[in-house]
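One structure is given below, encoded as structure tokens.
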Amino acid sequence: MIMRKSLLFKIHSFAGLFSGIFILLMSASGALLVFHGELDNLQQPAVKPWPLKNITVDNAYQVVQKNYPHAQVNSCTLPENNRRPFSFVIYDSSYRNGEKAMEVFLHPQTGAVLSTRGGSEDCRHNFMSWLSSFHNSFRLHKKGEWLLGFFSVIFLLSIITGIILYRRKAMAVLLFRKSIFKKGNLHQIIGTWALLFNLMIAVTGFWMQRYVFKKAFYSNQTYVPVLKPSPALFFQFDSAYGELKKKFPGFSVSVIYFAQSRKGKTAVYGSKSTNSFIHSRKFADAIFLDSTGNIAKTAFVNDIKPEDRYDIINAQVHYGQYGGLPVRVIYGLFGLTGGLLGITGFVLWLKRRKAGKIPVF
């Protein structure tokens with residue numbers, strides 16, 4: 001029995017060490033990404049409001065096409081208020097030969113181009129986008145995605161073995177017994193309070209990466225993007241949006257993906273006011289418009305297939321994009337404990353090994 005527990009302790013310790021650096025990087029980047037919006041706003045141009053109404057999406061689109069006549073205009077994020085800019089994502093030969101995305105910021109009232117920056121490769125001017133790419137794949141493309149899936153399994157193994165090993169001491173911590181609150185028990189104390197949080201992060205993270213263990217992930221897929229200038233809008237978006245508001249009065253638009261041909265669909269992403277707090281305010285719901293501005297189909301989060309809805313909720317729980325600032329603060333603080341547990345756990349194992357002690361549970 002003791003040998004079995006000792007083996008379990010070794011598995012727990014080495015799993016923690018093996019995934020420690022990985023989890024430290026993931027937890028640190030994840031803790032920052034919880035505040036993606038707030039931190040990214042710091043790298044966006046400042047807007048000095050004018051005593052005017054915001055220009056329409058149609059006018060903003062025309063401004064972008066006038067300044068970048070050969071660009072493929074991909075999407076537009078609407079300003080949240082008159083102090084935030086329009087944000088257009090385009091592909092233009094003036095930036096990396098049109099092979100990488102460029103972001104163009106417009107003044108919400110005047111339509112003036114305030115500034116531009118690159119996408120996820122532009123670490124200096126778009127750090128949060130770069131960090132998001134690092135968090136999702138170490139910026140190693142498919143190899144990084146596989147590593148992320150592999151280490152998510154190791155981290156989950158470390159959490160599960162920790163639950164088994166410290167199930168008794170966990171109760172002492174939760175009951176605030178003085179005997180457990182000692183300097184030498186730092187690992188157990190941190191581990192107990194962070195246990196449920198890290199288990200949640202490990203499970204949701206593994207579930208998001210489960211695709212790397214499927215055969216389809218290893219199939220060769222080569223996609224060569226072809227840069228084509230975007231046409232003018234096929235319909236007046238603001239008029240179409242007015243009709244959307246009449247039909248779905250609780251729906252608010254956040255991001256628009258423009259159709260590149262008459263056969264394509266303009267995707268309007270946002271959220272209904274009746275959605276649960278767990279769902280994103282920007283991408284929970286989608287309405288697809290045809291080339292005349294009429295509704296082609298809808299994809300409201302509460303109407304889609306249950307398995308797809310579960311995946312959406314899983315991602316929201318993992319990223320902490322619900323519940324407002326208090327939830328993000330909790331995620332930010334507890335998010336840093338994952339890597340710390342792996343390091344303190346291995347240090348604890350080394351001390352016990354050096355002392356020739358067998359762990360007592």
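In the structure tokens, each chain is lettered A, B, ... as it comes, each chain's residues begin at 1, and ligands are numbered from 1 in order of appearance.
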
Quick one: residues within 12 Å of A:Tyr61, only C-alpha atoms, excluding same-chain residues fewer than 4 positions away - as a PyMOL selection string? chain A and resi 55-57+65-69+71-78+86-90+104-106+108+111-113+230-238+256-258

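Excluding A:Leu147 itself and same-chain residues fewer than 2 positions from it, the residues having an atom within 10 Å of it are Phe22, Ser137, Phe138, Leu140, Lys142, Lys143, Gly144, Glu145, Gly149, Phe150, Phe151, Ser152, Val153, Gln209 and Val212 of chain A, counting only C-alpha atoms.
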
Write out, as an mmCIF file, in the first residue's frame, the residues just selected, with N, CA and C atoms.
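out16.cif written:
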```cif
data_model
loop_
_atom_site.group_PDB
_atom_site.id
_atom_site.type_symbol
_atom_site.label_atom_id
_atom_site.label_comp_id
_atom_site.auth_asym_id
_atom_site.auth_seq_id
_atom_site.Cartn_x
_atom_site.Cartn_y
_atom_site.Cartn_z
ATOM 1 N N PHE A 22 5.581 24.480 -18.813
ATOM 2 C CA PHE A 22 4.473 24.667 -19.755
ATOM 3 C C PHE A 22 3.299 25.358 -19.080
ATOM 4 N N SER A 137 -0.980 27.992 -29.364
ATOM 5 C CA SER A 137 -0.152 27.057 -30.140
ATOM 6 C C SER A 137 1.347 27.289 -29.982
ATOM 7 N N PHE A 138 1.762 28.087 -29.024
ATOM 8 C CA PHE A 138 3.178 28.447 -28.858
ATOM 9 C C PHE A 138 3.732 29.106 -30.120
ATOM 10 N N LEU A 140 3.738 27.801 -32.960
ATOM 11 C CA LEU A 140 4.404 26.726 -33.699
ATOM 12 C C LEU A 140 3.429 26.014 -34.634
ATOM 13 N N LYS A 142 0.734 23.725 -36.181
ATOM 14 C CA LYS A 142 0.154 22.438 -35.796
ATOM 15 C C LYS A 142 1.009 21.713 -34.754
ATOM 16 N N LYS A 143 2.328 21.889 -34.820
ATOM 17 C CA LYS A 143 3.187 21.260 -33.818
ATOM 18 C C LYS A 143 2.882 21.829 -32.434
ATOM 19 N N GLY A 144 2.686 23.122 -32.384
ATOM 20 C CA GLY A 144 2.361 23.754 -31.114
ATOM 21 C C GLY A 144 1.000 23.331 -30.596
ATOM 22 N N GLU A 145 0.041 23.166 -31.509
ATOM 23 C CA GLU A 145 -1.287 22.708 -31.090
ATOM 24 C C GLU A 145 -1.207 21.307 -30.501
ATOM 25 N N GLY A 149 -2.035 20.043 -26.626
ATOM 26 C CA GLY A 149 -2.897 18.919 -26.275
ATOM 27 C C GLY A 149 -2.191 17.907 -25.399
ATOM 28 N N PHE A 150 -0.925 17.610 -25.713
ATOM 29 C CA PHE A 150 -0.148 16.641 -24.939
ATOM 30 C C PHE A 150 0.052 17.113 -23.500
ATOM 31 N N PHE A 151 0.470 18.362 -23.340
ATOM 32 C CA PHE A 151 0.708 18.873 -21.997
ATOM 33 C C PHE A 151 -0.585 19.069 -21.208
ATOM 34 N N SER A 152 -1.687 19.260 -21.896
ATOM 35 C CA SER A 152 -2.957 19.361 -21.183
ATOM 36 C C SER A 152 -3.290 18.038 -20.509
ATOM 37 N N VAL A 153 -2.905 16.926 -21.150
ATOM 38 C CA VAL A 153 -3.108 15.603 -20.547
ATOM 39 C C VAL A 153 -2.204 15.435 -19.329
ATOM 40 N N GLN A 209 -8.681 21.050 -26.865
ATOM 41 C CA GLN A 209 -7.574 20.542 -27.672
ATOM 42 C C GLN A 209 -7.761 19.083 -28.077
ATOM 43 N N VAL A 212 -6.630 17.346 -31.507
ATOM 44 C CA VAL A 212 -5.281 16.960 -31.931
ATOM 45 C C VAL A 212 -5.052 15.462 -31.789
#
```

Discussion item. List the spatial neighbours of A:Ser271 as a PyMOL selection string - criterion: any atom at most 6 Å away, only C-alpha atoms, same-chain residues fewer than 5 positions off excluded.
Written reply: chain A and resi 251-252+281+284-285

Mind checking DSSP for stretch 250-359 of chain A and telling me the strand (DSSP E) residues as an mmCIF file with C-alpha atoms, in the first residue's frame?
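Generated output (result_3.cif):
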```cif
data_model
loop_
_atom_site.group_PDB
_atom_site.id
_atom_site.type_symbol
_atom_site.label_atom_id
_atom_site.label_comp_id
_atom_site.auth_asym_id
_atom_site.auth_seq_id
_atom_site.Cartn_x
_atom_site.Cartn_y
_atom_site.Cartn_z
ATOM 1 C CA PHE A 251 -29.932 41.836 -30.617
ATOM 2 C CA SER A 252 -26.856 44.093 -30.616
ATOM 3 C CA VAL A 253 -24.090 43.951 -33.234
ATOM 4 C CA SER A 254 -20.400 43.768 -32.310
ATOM 5 C CA VAL A 255 -18.485 42.355 -35.293
ATOM 6 C CA ILE A 256 -19.301 42.135 -39.006
ATOM 7 C CA TYR A 257 -17.637 39.773 -41.498
ATOM 8 C CA THR A 266 -22.358 38.759 -44.553
ATOM 9 C CA ALA A 267 -22.045 37.421 -41.008
ATOM 10 C CA VAL A 268 -23.257 39.725 -38.245
ATOM 11 C CA TYR A 269 -22.062 38.658 -34.796
ATOM 12 C CA GLY A 270 -23.387 39.924 -31.504
ATOM 13 C CA SER A 271 -25.616 38.889 -28.650
ATOM 14 C CA LYS A 272 -29.267 38.921 -27.614
ATOM 15 C CA ASP A 285 -25.215 34.872 -31.784
ATOM 16 C CA ALA A 286 -24.882 35.268 -35.532
ATOM 17 C CA ILE A 287 -27.205 36.454 -38.286
ATOM 18 C CA PHE A 288 -26.252 35.837 -41.915
ATOM 19 C CA LEU A 289 -27.395 38.270 -44.597
ATOM 20 C CA ILE A 295 -31.771 37.333 -43.459
ATOM 21 C CA ALA A 296 -30.472 34.085 -44.971
ATOM 22 C CA LYS A 297 -30.190 32.199 -41.682
ATOM 23 C CA THR A 298 -29.605 32.682 -37.975
ATOM 24 C CA ALA A 299 -27.353 30.901 -35.473
#
```

Atom CA of A:Lys245 to atom CA of A:Thr274 measures 14.2 Å

So, counting only C-alpha atoms, which residue among A:Phe206, A:Asn41, A:Gly162, A:Arg167 is closest to A:His125?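 Answer, going by the shortest atom-to-atom distance: A:Asn41.
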
Based on DSSP run over this structure's backbone, return all residues of stretch 75-174 of chain A in helix (DSSP H, G or I), as an mmCIF file with N, CA and C atoms, in the first residue's frame.
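Heads up, here's the output in out02.cif:
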```cif
data_model
loop_
_atom_site.group_PDB
_atom_site.id
_atom_site.type_symbol
_atom_site.label_atom_id
_atom_site.label_comp_id
_atom_site.auth_asym_id
_atom_site.auth_seq_id
_atom_site.Cartn_x
_atom_site.Cartn_y
_atom_site.Cartn_z
ATOM 1 N N ARG A 96 3.085 43.339 -45.698
ATOM 2 C CA ARG A 96 3.522 41.953 -45.863
ATOM 3 C C ARG A 96 2.928 41.294 -47.111
ATOM 4 N N ASN A 97 2.883 42.079 -48.181
ATOM 5 C CA ASN A 97 2.397 41.605 -49.474
ATOM 6 C C ASN A 97 0.985 41.032 -49.414
ATOM 7 N N GLY A 98 0.226 41.482 -48.439
ATOM 8 C CA GLY A 98 -1.149 41.025 -48.330
ATOM 9 C C GLY A 98 -1.297 39.628 -47.766
ATOM 10 N N PHE A 127 0.302 43.292 -29.013
ATOM 11 C CA PHE A 127 0.838 42.274 -28.108
ATOM 12 C C PHE A 127 -0.211 41.253 -27.700
ATOM 13 N N MET A 128 -1.445 41.672 -27.440
ATOM 14 C CA MET A 128 -2.460 40.742 -26.957
ATOM 15 C C MET A 128 -2.830 39.721 -28.024
ATOM 16 N N SER A 129 -2.832 40.131 -29.277
ATOM 17 C CA SER A 129 -3.093 39.191 -30.360
ATOM 18 C C SER A 129 -1.938 38.204 -30.482
ATOM 19 N N TRP A 130 -0.708 38.704 -30.345
ATOM 20 C CA TRP A 130 0.463 37.826 -30.368
ATOM 21 C C TRP A 130 0.414 36.845 -29.202
ATOM 22 N N LEU A 131 0.048 37.332 -28.027
ATOM 23 C CA LEU A 131 -0.014 36.482 -26.833
ATOM 24 C C LEU A 131 -1.101 35.425 -26.974
ATOM 25 N N SER A 132 -2.213 35.782 -27.559
ATOM 26 C CA SER A 132 -3.290 34.825 -27.787
ATOM 27 C C SER A 132 -2.833 33.700 -28.704
ATOM 28 N N SER A 133 -2.086 34.054 -29.753
ATOM 29 C CA SER A 133 -1.540 33.047 -30.656
ATOM 30 C C SER A 133 -0.549 32.150 -29.934
ATOM 31 N N PHE A 134 0.275 32.736 -29.069
ATOM 32 C CA PHE A 134 1.234 31.946 -28.287
ATOM 33 C C PHE A 134 0.505 31.001 -27.341
ATOM 34 N N HIS A 135 -0.530 31.486 -26.686
ATOM 35 C CA HIS A 135 -1.276 30.677 -25.723
ATOM 36 C C HIS A 135 -1.970 29.501 -26.403
ATOM 37 N N ASN A 136 -2.359 29.678 -27.654
ATOM 38 C CA ASN A 136 -3.114 28.643 -28.357
ATOM 39 C C ASN A 136 -2.246 27.635 -29.097
ATOM 40 N N SER A 137 -0.980 27.992 -29.364
ATOM 41 C CA SER A 137 -0.152 27.057 -30.140
ATOM 42 C C SER A 137 1.347 27.289 -29.982
ATOM 43 N N HIS A 141 2.301 26.642 -34.890
ATOM 44 C CA HIS A 141 1.295 26.097 -35.796
ATOM 45 C C HIS A 141 0.804 24.730 -35.305
ATOM 46 N N LYS A 142 0.734 23.725 -36.181
ATOM 47 C CA LYS A 142 0.154 22.438 -35.796
ATOM 48 C C LYS A 142 1.009 21.713 -34.754
ATOM 49 N N LYS A 143 2.328 21.889 -34.820
ATOM 50 C CA LYS A 143 3.187 21.260 -33.818
ATOM 51 C C LYS A 143 2.882 21.829 -32.434
ATOM 52 N N GLY A 144 2.686 23.122 -32.384
ATOM 53 C CA GLY A 144 2.361 23.754 -31.114
ATOM 54 C C GLY A 144 1.000 23.331 -30.596
ATOM 55 N N GLU A 145 0.041 23.166 -31.509
ATOM 56 C CA GLU A 145 -1.287 22.708 -31.090
ATOM 57 C C GLU A 145 -1.207 21.307 -30.501
ATOM 58 N N TRP A 146 -0.376 20.442 -31.116
ATOM 59 C CA TRP A 146 -0.219 19.079 -30.588
ATOM 60 C C TRP A 146 0.445 19.113 -29.213
ATOM 61 N N LEU A 147 1.489 19.931 -29.059
ATOM 62 C CA LEU A 147 2.151 20.051 -27.759
ATOM 63 C C LEU A 147 1.183 20.540 -26.695
ATOM 64 N N LEU A 148 0.337 21.460 -27.073
ATOM 65 C CA LEU A 148 -0.648 21.985 -26.131
ATOM 66 C C LEU A 148 -1.604 20.869 -25.685
ATOM 67 N N GLY A 149 -2.035 20.043 -26.626
ATOM 68 C CA GLY A 149 -2.897 18.919 -26.275
ATOM 69 C C GLY A 149 -2.191 17.907 -25.399
ATOM 70 N N PHE A 150 -0.925 17.610 -25.713
ATOM 71 C CA PHE A 150 -0.148 16.641 -24.939
ATOM 72 C C PHE A 150 0.052 17.113 -23.500
ATOM 73 N N PHE A 151 0.470 18.362 -23.340
ATOM 74 C CA PHE A 151 0.708 18.873 -21.997
ATOM 75 C C PHE A 151 -0.585 19.069 -21.208
ATOM 76 N N SER A 152 -1.687 19.260 -21.896
ATOM 77 C CA SER A 152 -2.957 19.361 -21.183
ATOM 78 C C SER A 152 -3.290 18.038 -20.509
ATOM 79 N N VAL A 153 -2.905 16.926 -21.150
ATOM 80 C CA VAL A 153 -3.108 15.603 -20.547
ATOM 81 C C VAL A 153 -2.204 15.435 -19.329
ATOM 82 N N ILE A 154 -0.947 15.856 -19.460
ATOM 83 C CA ILE A 154 -0.004 15.751 -18.338
ATOM 84 C C ILE A 154 -0.465 16.595 -17.161
ATOM 85 N N PHE A 155 -0.921 17.798 -17.448
ATOM 86 C CA PHE A 155 -1.407 18.683 -16.385
ATOM 87 C C PHE A 155 -2.632 18.081 -15.701
ATOM 88 N N LEU A 156 -3.517 17.508 -16.488
ATOM 89 C CA LEU A 156 -4.718 16.872 -15.933
ATOM 90 C C LEU A 156 -4.327 15.696 -15.047
ATOM 91 N N LEU A 157 -3.305 14.928 -15.474
ATOM 92 C CA LEU A 157 -2.803 13.811 -14.668
ATOM 93 C C LEU A 157 -2.251 14.306 -13.337
ATOM 94 N N SER A 158 -1.529 15.423 -13.372
ATOM 95 C CA SER A 158 -0.981 16.005 -12.148
ATOM 96 C C SER A 158 -2.089 16.432 -11.190
ATOM 97 N N ILE A 159 -3.154 17.017 -11.720
ATOM 98 C CA ILE A 159 -4.269 17.468 -10.888
ATOM 99 C C ILE A 159 -4.995 16.281 -10.263
ATOM 100 N N ILE A 160 -5.259 15.245 -11.070
ATOM 101 C CA ILE A 160 -6.001 14.081 -10.574
ATOM 102 C C ILE A 160 -5.218 13.358 -9.488
ATOM 103 N N THR A 161 -3.909 13.140 -9.713
ATOM 104 C CA THR A 161 -3.095 12.473 -8.687
ATOM 105 C C THR A 161 -2.998 13.332 -7.432
ATOM 106 N N GLY A 162 -2.984 14.646 -7.618
ATOM 107 C CA GLY A 162 -2.972 15.535 -6.455
ATOM 108 C C GLY A 162 -4.244 15.409 -5.631
ATOM 109 N N ILE A 163 -5.378 15.246 -6.311
ATOM 110 C CA ILE A 163 -6.651 15.065 -5.604
ATOM 111 C C ILE A 163 -6.613 13.795 -4.761
ATOM 112 N N ILE A 164 -6.092 12.719 -5.361
ATOM 113 C CA ILE A 164 -6.034 11.432 -4.649
ATOM 114 C C ILE A 164 -5.091 11.513 -3.458
ATOM 115 N N LEU A 165 -3.929 12.123 -3.661
ATOM 116 C CA LEU A 165 -2.912 12.172 -2.610
ATOM 117 C C LEU A 165 -3.305 13.062 -1.436
ATOM 118 N N ARG A 167 -6.396 14.300 -0.535
ATOM 119 C CA ARG A 167 -7.827 14.403 -0.259
ATOM 120 C C ARG A 167 -8.117 14.616 1.224
ATOM 121 N N ARG A 168 -7.280 14.078 2.115
ATOM 122 C CA ARG A 168 -7.512 14.239 3.554
ATOM 123 C C ARG A 168 -7.048 15.619 4.038
ATOM 124 N N LYS A 169 -5.879 16.027 3.594
ATOM 125 C CA LYS A 169 -5.365 17.325 4.016
ATOM 126 C C LYS A 169 -6.191 18.476 3.445
ATOM 127 N N ALA A 170 -6.856 18.216 2.337
ATOM 128 C CA ALA A 170 -7.690 19.252 1.741
ATOM 129 C C ALA A 170 -8.790 19.682 2.697
ATOM 130 N N MET A 171 -9.374 18.742 3.405
ATOM 131 C CA MET A 171 -10.430 19.069 4.353
ATOM 132 C C MET A 171 -9.903 19.947 5.479
ATOM 133 N N ALA A 172 -8.683 19.684 5.935
ATOM 134 C CA ALA A 172 -8.084 20.486 7.013
ATOM 135 C C ALA A 172 -7.899 21.929 6.568
ATOM 136 N N VAL A 173 -7.498 22.110 5.301
ATOM 137 C CA VAL A 173 -7.324 23.465 4.770
ATOM 138 C C VAL A 173 -8.674 24.162 4.645
ATOM 139 N N LEU A 174 -9.643 23.460 4.120
ATOM 140 C CA LEU A 174 -10.972 24.046 3.911
ATOM 141 C C LEU A 174 -11.652 24.402 5.229
#
```

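Of note, atom CA of A:Glu243 and atom CA of A:Asp290 are spaced 13.6 Å apart.
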
Extract, using only C-alpha atoms, all DNA, RNA and protein residues at most 9 Å from A:Asn198, discarding same-chain residues fewer than 4 positions from it, and format them as a list of chain:residue names.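 In the requested format, the answer is A:Leu156, A:Ile159, A:Gly191, A:Ala194, A:Ala202, A:Val203, A:Phe334, A:Gly335, A:Thr337, A:Gly338.
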
Between A:Ser261, A:Ser120, A:Asp311, A:Phe300, which residue has the minimum interatomic distance to A:Trp207, considering only C-alpha atoms?
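When distances to A:Trp207 are compared using only C-alpha atoms, the smallest one comes from A:Asp311.
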
note - atom CA of A:Ala101 and atom CA of A:Gly119 are separated by 5.4 Å

Of A:Leu336, A:Arg262, A:Tyr218, A:Val301, the one nearest to A:Leu24 when counting only C-alpha atoms is A:Leu336
